[in-house]
>>> print(open('coords.txt').read())   # compact mmCIF, C-alpha atoms and all ligand atoms
# COMPACT_ATOMS: atom_id res chain seq x y z
CA MET D 1 13.17 12.65 -13.42
CA LYS D 2 10.09 13.85 -11.53
CA ARG D 3 8.25 11.35 -9.35
CA PRO D 4 5.29 11.49 -6.98
CA TYR D 5 5.88 12.23 -3.30
CA VAL D 6 5.42 8.81 -1.66
CA ILE D 7 3.80 8.25 1.73
CA ILE D 8 3.53 4.80 3.29
CA ASN D 9 0.85 4.29 5.92
CA CYS D 10 0.10 1.13 7.83
CA ALA D 11 -1.08 -0.19 11.16
CA MET D 12 0.71 -2.93 13.08
CA SER D 13 0.50 -4.75 16.41
CA ALA D 14 3.14 -4.31 19.10
CA ASP D 15 4.90 -7.38 17.63
CA GLY D 16 5.01 -5.84 14.14
CA LYS D 17 2.21 -7.87 12.50
CA ILE D 18 -0.27 -6.26 10.11
CA ALA D 19 -2.90 -9.02 9.72
CA LEU D 20 -4.03 -12.31 11.23
CA PRO D 21 -1.79 -15.39 10.90
CA ASN D 22 -4.15 -16.61 8.11
CA ARG D 23 -3.44 -13.25 6.36
CA LYS D 24 -7.01 -12.05 6.83
CA GLN D 25 -7.54 -8.41 7.71
CA LEU D 26 -8.12 -7.33 11.30
CA ARG D 27 -8.76 -3.91 12.72
CA ILE D 28 -5.58 -2.68 14.39
CA SER D 29 -6.24 1.08 14.14
CA CYS D 30 -8.31 2.96 16.72
CA ASP D 31 -11.07 5.42 15.63
CA GLU D 32 -8.66 8.38 15.77
CA ASP D 33 -6.20 6.56 13.51
CA ILE D 34 -8.91 5.56 11.06
CA LYS D 35 -10.01 9.20 10.83
CA ARG D 36 -6.38 10.25 10.25
CA MET D 37 -6.00 7.56 7.56
CA TYR D 38 -9.14 8.71 5.68
CA ASN D 39 -7.98 12.33 5.84
CA LEU D 40 -4.60 11.28 4.47
CA ARG D 41 -6.29 9.31 1.68
CA ASN D 42 -8.35 12.36 0.82
CA GLU D 43 -5.21 14.53 0.54
CA VAL D 44 -3.36 12.36 -1.96
CA ASP D 45 -3.84 11.90 -5.71
CA ALA D 46 -3.59 8.09 -5.65
CA VAL D 47 -3.63 5.20 -3.22
CA LEU D 48 -1.74 2.01 -4.09
CA VAL D 49 -1.83 -1.61 -2.86
CA GLY D 50 -0.55 -4.99 -4.04
CA ILE D 51 -2.79 -7.67 -5.51
CA GLU D 52 -2.53 -9.90 -2.43
CA THR D 53 -4.19 -7.16 -0.36
CA ILE D 54 -7.02 -7.06 -2.90
CA LEU D 55 -7.40 -10.84 -2.72
CA SER D 56 -7.29 -11.06 1.09
CA ASP D 57 -9.08 -7.87 2.20
CA ASP D 58 -11.18 -6.81 -0.84
CA PRO D 59 -10.82 -3.09 0.09
CA LYS D 60 -12.75 -0.27 -1.62
CA LEU D 61 -9.89 2.21 -1.05
CA THR D 62 -12.30 5.13 -1.16
CA VAL D 63 -12.76 7.88 1.45
CA LYS D 64 -15.67 7.45 3.88
CA GLU D 65 -18.00 10.47 4.15
CA LYS D 66 -18.39 9.65 7.84
CA TYR D 67 -14.79 10.81 8.35
CA VAL D 68 -14.28 13.38 5.56
CA LYS D 69 -16.90 15.80 4.26
CA ASN D 70 -17.15 15.94 0.46
CA PRO D 71 -14.42 13.37 -0.13
CA LYS D 72 -12.33 13.57 -3.34
CA HIS D 73 -11.64 9.82 -3.71
CA PRO D 74 -8.09 9.42 -5.07
CA LEU D 75 -7.20 7.20 -8.02
CA ARG D 76 -6.95 3.57 -6.84
CA VAL D 77 -3.90 1.69 -8.08
CA VAL D 78 -3.16 -2.04 -7.87
CA LEU D 79 0.22 -3.66 -8.60
CA ASP D 80 -1.05 -6.82 -10.25
CA GLY D 81 1.63 -8.48 -12.37
CA LYS D 82 -0.56 -11.31 -13.65
CA CYS D 83 -3.83 -9.35 -13.74
CA ARG D 84 -5.54 -11.46 -11.08
CA THR D 85 -7.90 -8.75 -9.81
CA PRO D 86 -11.32 -10.47 -9.63
CA LYS D 87 -14.07 -8.91 -11.77
CA ASP D 88 -16.23 -8.48 -8.67
CA ALA D 89 -13.51 -6.90 -6.50
CA LEU D 90 -14.78 -3.83 -4.63
CA ILE D 91 -11.84 -1.82 -5.96
CA LEU D 92 -13.52 -1.98 -9.37
CA ASN D 93 -16.73 -0.35 -8.13
CA ASP D 94 -17.65 2.98 -9.72
CA SER D 95 -17.02 5.15 -6.63
CA ALA D 96 -13.61 6.18 -8.01
CA LYS D 97 -11.24 5.53 -10.91
CA THR D 98 -8.99 2.47 -10.77
CA LEU D 99 -5.68 1.79 -12.48
CA ILE D 100 -4.41 -1.76 -12.62
CA ILE D 101 -0.71 -2.03 -13.38
CA ALA D 102 0.02 -5.45 -14.86
CA GLY D 103 3.20 -6.99 -16.22
CA GLU D 104 3.77 -6.23 -19.91
CA GLY D 105 1.85 -8.82 -21.94
CA ASN D 106 -0.46 -9.76 -19.03
CA GLU D 107 -2.89 -6.87 -19.47
CA LYS D 108 -6.54 -7.94 -19.35
CA GLN D 109 -9.31 -5.49 -20.09
CA PHE D 110 -12.24 -4.93 -17.75
CA ASP D 111 -15.52 -3.76 -19.15
CA PHE D 112 -15.74 -0.63 -17.02
CA GLU D 113 -15.08 2.93 -18.21
CA HIS D 114 -13.57 3.93 -14.87
CA VAL D 115 -11.02 1.06 -14.89
CA GLU D 116 -7.79 1.24 -16.87
CA VAL D 117 -5.21 -1.53 -17.23
CA VAL D 118 -1.67 -0.70 -18.28
CA GLY D 119 1.43 -2.82 -18.67
CA CYS D 120 4.80 -2.09 -17.10
CA LYS D 121 8.07 -3.98 -17.27
CA THR D 122 8.78 -6.48 -14.50
CA ASP D 123 11.89 -7.68 -12.65
CA SER D 124 13.22 -11.27 -12.46
CA ARG D 125 10.61 -12.08 -9.76
CA GLY D 126 7.80 -10.84 -11.98
CA HIS D 127 7.29 -7.77 -9.77
CA ILE D 128 6.35 -4.54 -11.50
CA ASP D 129 9.28 -2.16 -11.89
CA LEU D 130 8.72 0.73 -9.48
CA ASP D 131 10.58 3.24 -11.67
CA CYS D 132 8.01 2.50 -14.35
CA VAL D 133 5.13 2.78 -11.84
CA LEU D 134 6.24 6.14 -10.45
CA ASP D 135 6.95 7.58 -13.93
CA LEU D 136 3.57 6.44 -15.16
CA LEU D 137 1.72 7.83 -12.15
CA TYR D 138 3.52 11.17 -12.38
CA GLN D 139 2.58 11.41 -16.07
CA LYS D 140 -1.03 10.77 -15.04
CA GLY D 141 -0.91 13.77 -12.69
CA VAL D 142 -0.21 11.91 -9.45
CA LYS D 143 1.96 14.24 -7.39
CA LYS D 144 1.26 12.56 -4.03
CA LEU D 145 0.97 8.79 -3.70
CA LEU D 146 -0.18 6.86 -0.63
CA VAL D 147 1.06 3.26 -0.40
CA GLU D 148 -1.10 1.22 1.96
CA GLY D 149 0.37 -2.26 1.67
CA GLY D 150 0.71 -5.03 2.01
CA SER D 151 4.02 -6.21 3.36
CA THR D 152 5.59 -7.16 0.03
CA VAL D 153 4.72 -3.87 -1.66
CA ILE D 154 5.89 -1.82 1.34
CA TRP D 155 9.17 -3.75 1.30
CA SER D 156 9.64 -3.00 -2.42
CA PHE D 157 9.18 0.75 -1.91
CA LEU D 158 11.48 0.79 1.13
CA LYS D 159 14.13 -1.31 -0.61
CA ARG D 160 14.27 1.19 -3.48
CA ARG D 161 14.17 4.09 -0.98
CA PHE D 162 11.14 5.47 -2.85
CA VAL D 163 9.58 6.70 0.40
CA ASN D 164 9.26 10.28 1.64
CA ASP D 165 7.15 9.67 4.75
CA LEU D 166 6.42 6.47 6.67
CA TYR D 167 3.54 6.43 9.15
CA ILE D 168 3.15 3.40 11.39
CA TYR D 169 0.35 3.19 13.93
CA ILE D 170 1.15 0.65 16.66
CA GLY D 171 -1.92 -0.87 18.29
CA PRO D 172 -1.51 -2.34 21.79
CA TYR D 173 -1.89 -5.97 20.73
CA ILE D 174 0.23 -9.04 20.18
CA ILE D 175 -0.78 -11.24 17.23
CA GLY D 176 2.10 -13.69 16.96
CA GLY D 177 2.61 -16.33 14.28
CA LYS D 178 5.83 -17.07 12.44
CA ASN D 179 4.31 -16.42 9.03
CA THR D 180 1.99 -13.56 9.94
CA PRO D 181 2.59 -10.58 7.57
CA THR D 182 4.72 -7.80 9.07
CA VAL D 183 5.18 -4.19 7.94
CA ALA D 184 7.91 -5.16 5.47
CA ASP D 185 8.33 -8.75 4.27
CA GLY D 186 9.80 -9.35 0.81
CA VAL D 187 13.31 -10.82 0.78
CA GLY D 188 14.78 -8.48 3.39
CA ILE D 189 18.33 -7.22 3.60
CA LYS D 190 21.38 -9.47 3.26
CA ASN D 191 23.90 -7.56 5.37
CA GLU D 192 23.99 -4.92 8.06
CA ASP D 193 25.27 -2.35 5.56
CA GLU D 194 21.95 -2.67 3.68
CA LEU D 195 19.91 -1.52 6.70
CA ILE D 196 17.21 0.94 5.73
CA LEU D 197 17.88 3.78 8.16
CA LEU D 198 15.03 5.85 9.55
CA LYS D 199 14.77 9.02 11.57
CA ILE D 200 11.79 9.74 13.80
CA VAL D 201 10.02 12.92 12.74
CA ASP D 202 7.19 12.74 15.29
CA ILE D 203 5.56 10.45 17.86
CA ASN D 204 1.97 10.88 19.04
CA ARG D 205 -0.32 8.91 21.33
CA LEU D 206 -3.48 8.16 19.40
CA GLY D 207 -6.30 6.46 21.34
CA PRO D 208 -4.80 3.38 22.98
CA GLY D 209 -1.86 3.24 20.55
CA VAL D 210 1.02 5.32 19.20
CA LEU D 211 1.62 6.87 15.80
CA PHE D 212 5.20 7.04 14.55
CA HIS D 213 6.13 9.33 11.68
CA TYR D 214 9.47 8.40 10.13
CA GLN D 215 11.53 9.54 7.18
CA LEU D 216 14.35 7.66 5.54
CA ILE D 217 17.96 8.66 6.07
CA LEU D 218 19.31 8.48 2.55
N1 LIG D 301 -2.47 -3.38 8.63
C1 LIG D 301 -2.33 -2.72 7.50
O1 LIG D 301 -2.11 -1.49 7.51
C2 LIG D 301 -2.46 -3.46 6.18
C3 LIG D 301 -2.65 -2.75 5.00
C4 LIG D 301 -2.71 -3.45 3.79
C5 LIG D 301 -2.59 -4.83 3.78
N2 LIG D 301 -2.43 -5.51 4.94
C6 LIG D 301 -2.25 -6.98 4.94
O2 LIG D 301 -1.14 -7.29 4.11
C7 LIG D 301 -1.31 -8.65 3.64
C8 LIG D 301 -1.01 -8.68 2.16
O3 LIG D 301 0.36 -8.40 1.98
P1 LIG D 301 1.25 -9.29 1.01
O4 LIG D 301 2.66 -8.98 1.29
O5 LIG D 301 0.80 -10.72 1.09
O6 LIG D 301 0.84 -8.79 -0.43
P2 LIG D 301 0.78 -7.35 -1.15
O7 LIG D 301 1.98 -6.55 -0.79
O8 LIG D 301 -0.55 -6.76 -0.97
O9 LIG D 301 0.85 -7.81 -2.69
C9 LIG D 301 2.04 -8.43 -3.14
C10 LIG D 301 1.87 -8.84 -4.57
O10 LIG D 301 1.79 -7.70 -5.42
C11 LIG D 301 2.35 -8.02 -6.68
N3 LIG D 301 3.40 -7.07 -7.03
C12 LIG D 301 3.57 -6.60 -8.30
N4 LIG D 301 4.60 -5.77 -8.33
C13 LIG D 301 5.12 -5.72 -7.09
C14 LIG D 301 6.24 -5.03 -6.54
N5 LIG D 301 7.02 -4.20 -7.26
N6 LIG D 301 6.53 -5.23 -5.24
C15 LIG D 301 5.77 -6.04 -4.49
N7 LIG D 301 4.70 -6.72 -4.95
C16 LIG D 301 4.38 -6.55 -6.26
C17 LIG D 301 2.94 -9.44 -6.56
O11 LIG D 301 1.97 -10.35 -7.05
P3 LIG D 301 2.05 -10.78 -8.61
O12 LIG D 301 3.37 -11.51 -8.75
O13 LIG D 301 0.85 -11.60 -8.84
O14 LIG D 301 2.07 -9.49 -9.36
C18 LIG D 301 3.07 -9.61 -5.07
O15 LIG D 301 3.03 -10.96 -4.65
C19 LIG D 301 -2.75 -9.05 3.93
O16 LIG D 301 -2.72 -9.95 5.03
C20 LIG D 301 -3.42 -7.73 4.33
O17 LIG D 301 -4.46 -7.93 5.26
C21 LIG D 301 -2.37 -4.86 6.14
>>> encode(input="coords.txt", output="structure tokens", more="lines below")
Ligand SMILES: NC(=O)c1ccc[n+]([C@@H]2O[C@H](COP(=O)([O-])OP(=O)(O)OC[C@H]3O[C@@H](n4cnc5c(N)ncnc54)[C@H](OP(=O)(O)O)[C@@H]3O)[C@@H](O)[C@H]2O)c1
Amino acid sequence: MKRPYVIINCAMSADGKIALPNRKQLRISCDEDIKRMYNLRNEVDAVLVGIETILSDDPKLTVKEKYVKNPKHPLRVVLDGKCRTPKDALILNDSAKTLIIAGEGNEKQFDFEHVEVVGCKTDSRGHIDLDCVLDLLYQKGVKKLLVEGGSTVIWSFLKRRFVNDLYIYIGPYIIGGKNTPTVADGVGIKNEDELILLKIVDINRLGPGVLFHYQLIL
């Protein structure tokens, strides 16, 4: 079965956190990393996030002209089991197409031509089945997919080993907080033999931080 090439990209603090303790967004990336992120976004066919990222950050998920000339704007995809994307969310603006993947039976239509809602089967937790997501995206012409978060969605992709490249920018900050989101939350592994093994492909200093490029050891 053919699937998109999957790239995960995120920015974390030195203590592994990706947002504030109240789950609100904060800028961890430096200018160089933001430019790299927009160039990466412009290279892929689709960019995907979970519904909680939409609700907490309200991202546009487009490519800023300030960083990329003549941006392409990839398809924006939200994993949204219960179709909770607010009608006024910026991801529904008309700067690019948006695909909302809901749980089967929870599809809700939005009155915008550039927004499509499709249903996929879900697991026992109500999370969208990633086999279904990747099949669907490939059928829609998505050959390269960028997963930008948040923690629960990144965990799901890592758990299933549906990751070709993992980029983590580490900003020189400590955020702290027991419940602050980290790169990969979800339920985590149960035993040492379930460890998700990574190899380092490249390490680069970027502004005041460091960019790690990993791949999974399968
Ligand atoms: N620093 C960074 O690079 C970065 C980037 C993005 C986000 N963030 C931060 O990440 C935080 C949000 O992360 P989060 O973990 O709370 O939420 P999330 O990963 O954005 O969304 C998780 C939700 O997506 C839905 N979902 C549907 N199918 C799923 C699947 N197969 N796997 C996982 N989730 C699925 C579930 O909600 P339903 O059950 O309703 O479907 C789930 O609760 C925010 O604080 C945001 O600021 C940081």
>>> closest_residue(input="coords.txt", among="D:Leu55, D:Leu206, D:Cys132, D:Ile100", to="Ile34 (chain D)", atoms="all atoms listed in the file")
D:Leu206
>>> residues_near_ligand(input="coords.txt", ligand="ligand LIG 301 (chain D)", cutoff="7 Å", atoms="all atoms listed in the file", output="PyMOL selection string")
chain D and resi 9-12+18-20+23-25+28+49-54+56-57+79-82+84+126-130+148-154+156+181+185
>>> residues_around(input="coords.txt", residues="Val47 (chain D)", least_positions_apart="6", cutoff="9 Å", atoms="all atoms listed in the file", output="number ranges by chain")
D: 41, 61-62, 74-78, 144-148
>>> closest_residue(input="coords.txt", among="D:Thr98, D:Ser13, D:Asn93, D:Asn70", to="Gly176 (chain D)", atoms="only C-alpha atoms")
D:Ser13
>>> atom_distance(input="coords.txt", atom1="CA of Ile91 (chain D)", atom2="CA of Phe157 (chain D)")
21.6 Å
>>> closest_residue(input="coords.txt", among="D:Ala102, D:Ala96, D:Leu40, D:Val210", to="Val115 (chain D)", atoms="all atoms listed in the file")
D:Ala96
>>> residues_around(input="coords.txt", residues="Ile7 (chain D)", least_positions_apart="2", cutoff="6 Å", atoms="all atoms listed in the file", output="PyMOL selection string")
chain D and resi 146+164-166
>>> atom_distance(input="coords.txt", atom1="CA of Arg161 (chain D)", atom2="CA of Val183 (chain D)")
15.1 Å
>>> atom_distance(input="coords.txt", atom1="CA of Leu99 (chain D)", atom2="CA of Val117 (chain D)")
5.8 Å
>>> residues_around(input="coords.txt", residues="Glu104 (chain D)", least_positions_apart="5", cutoff="9 Å", atoms="only C-alpha atoms", output="number ranges by chain")
D: 81, 118-122, 128
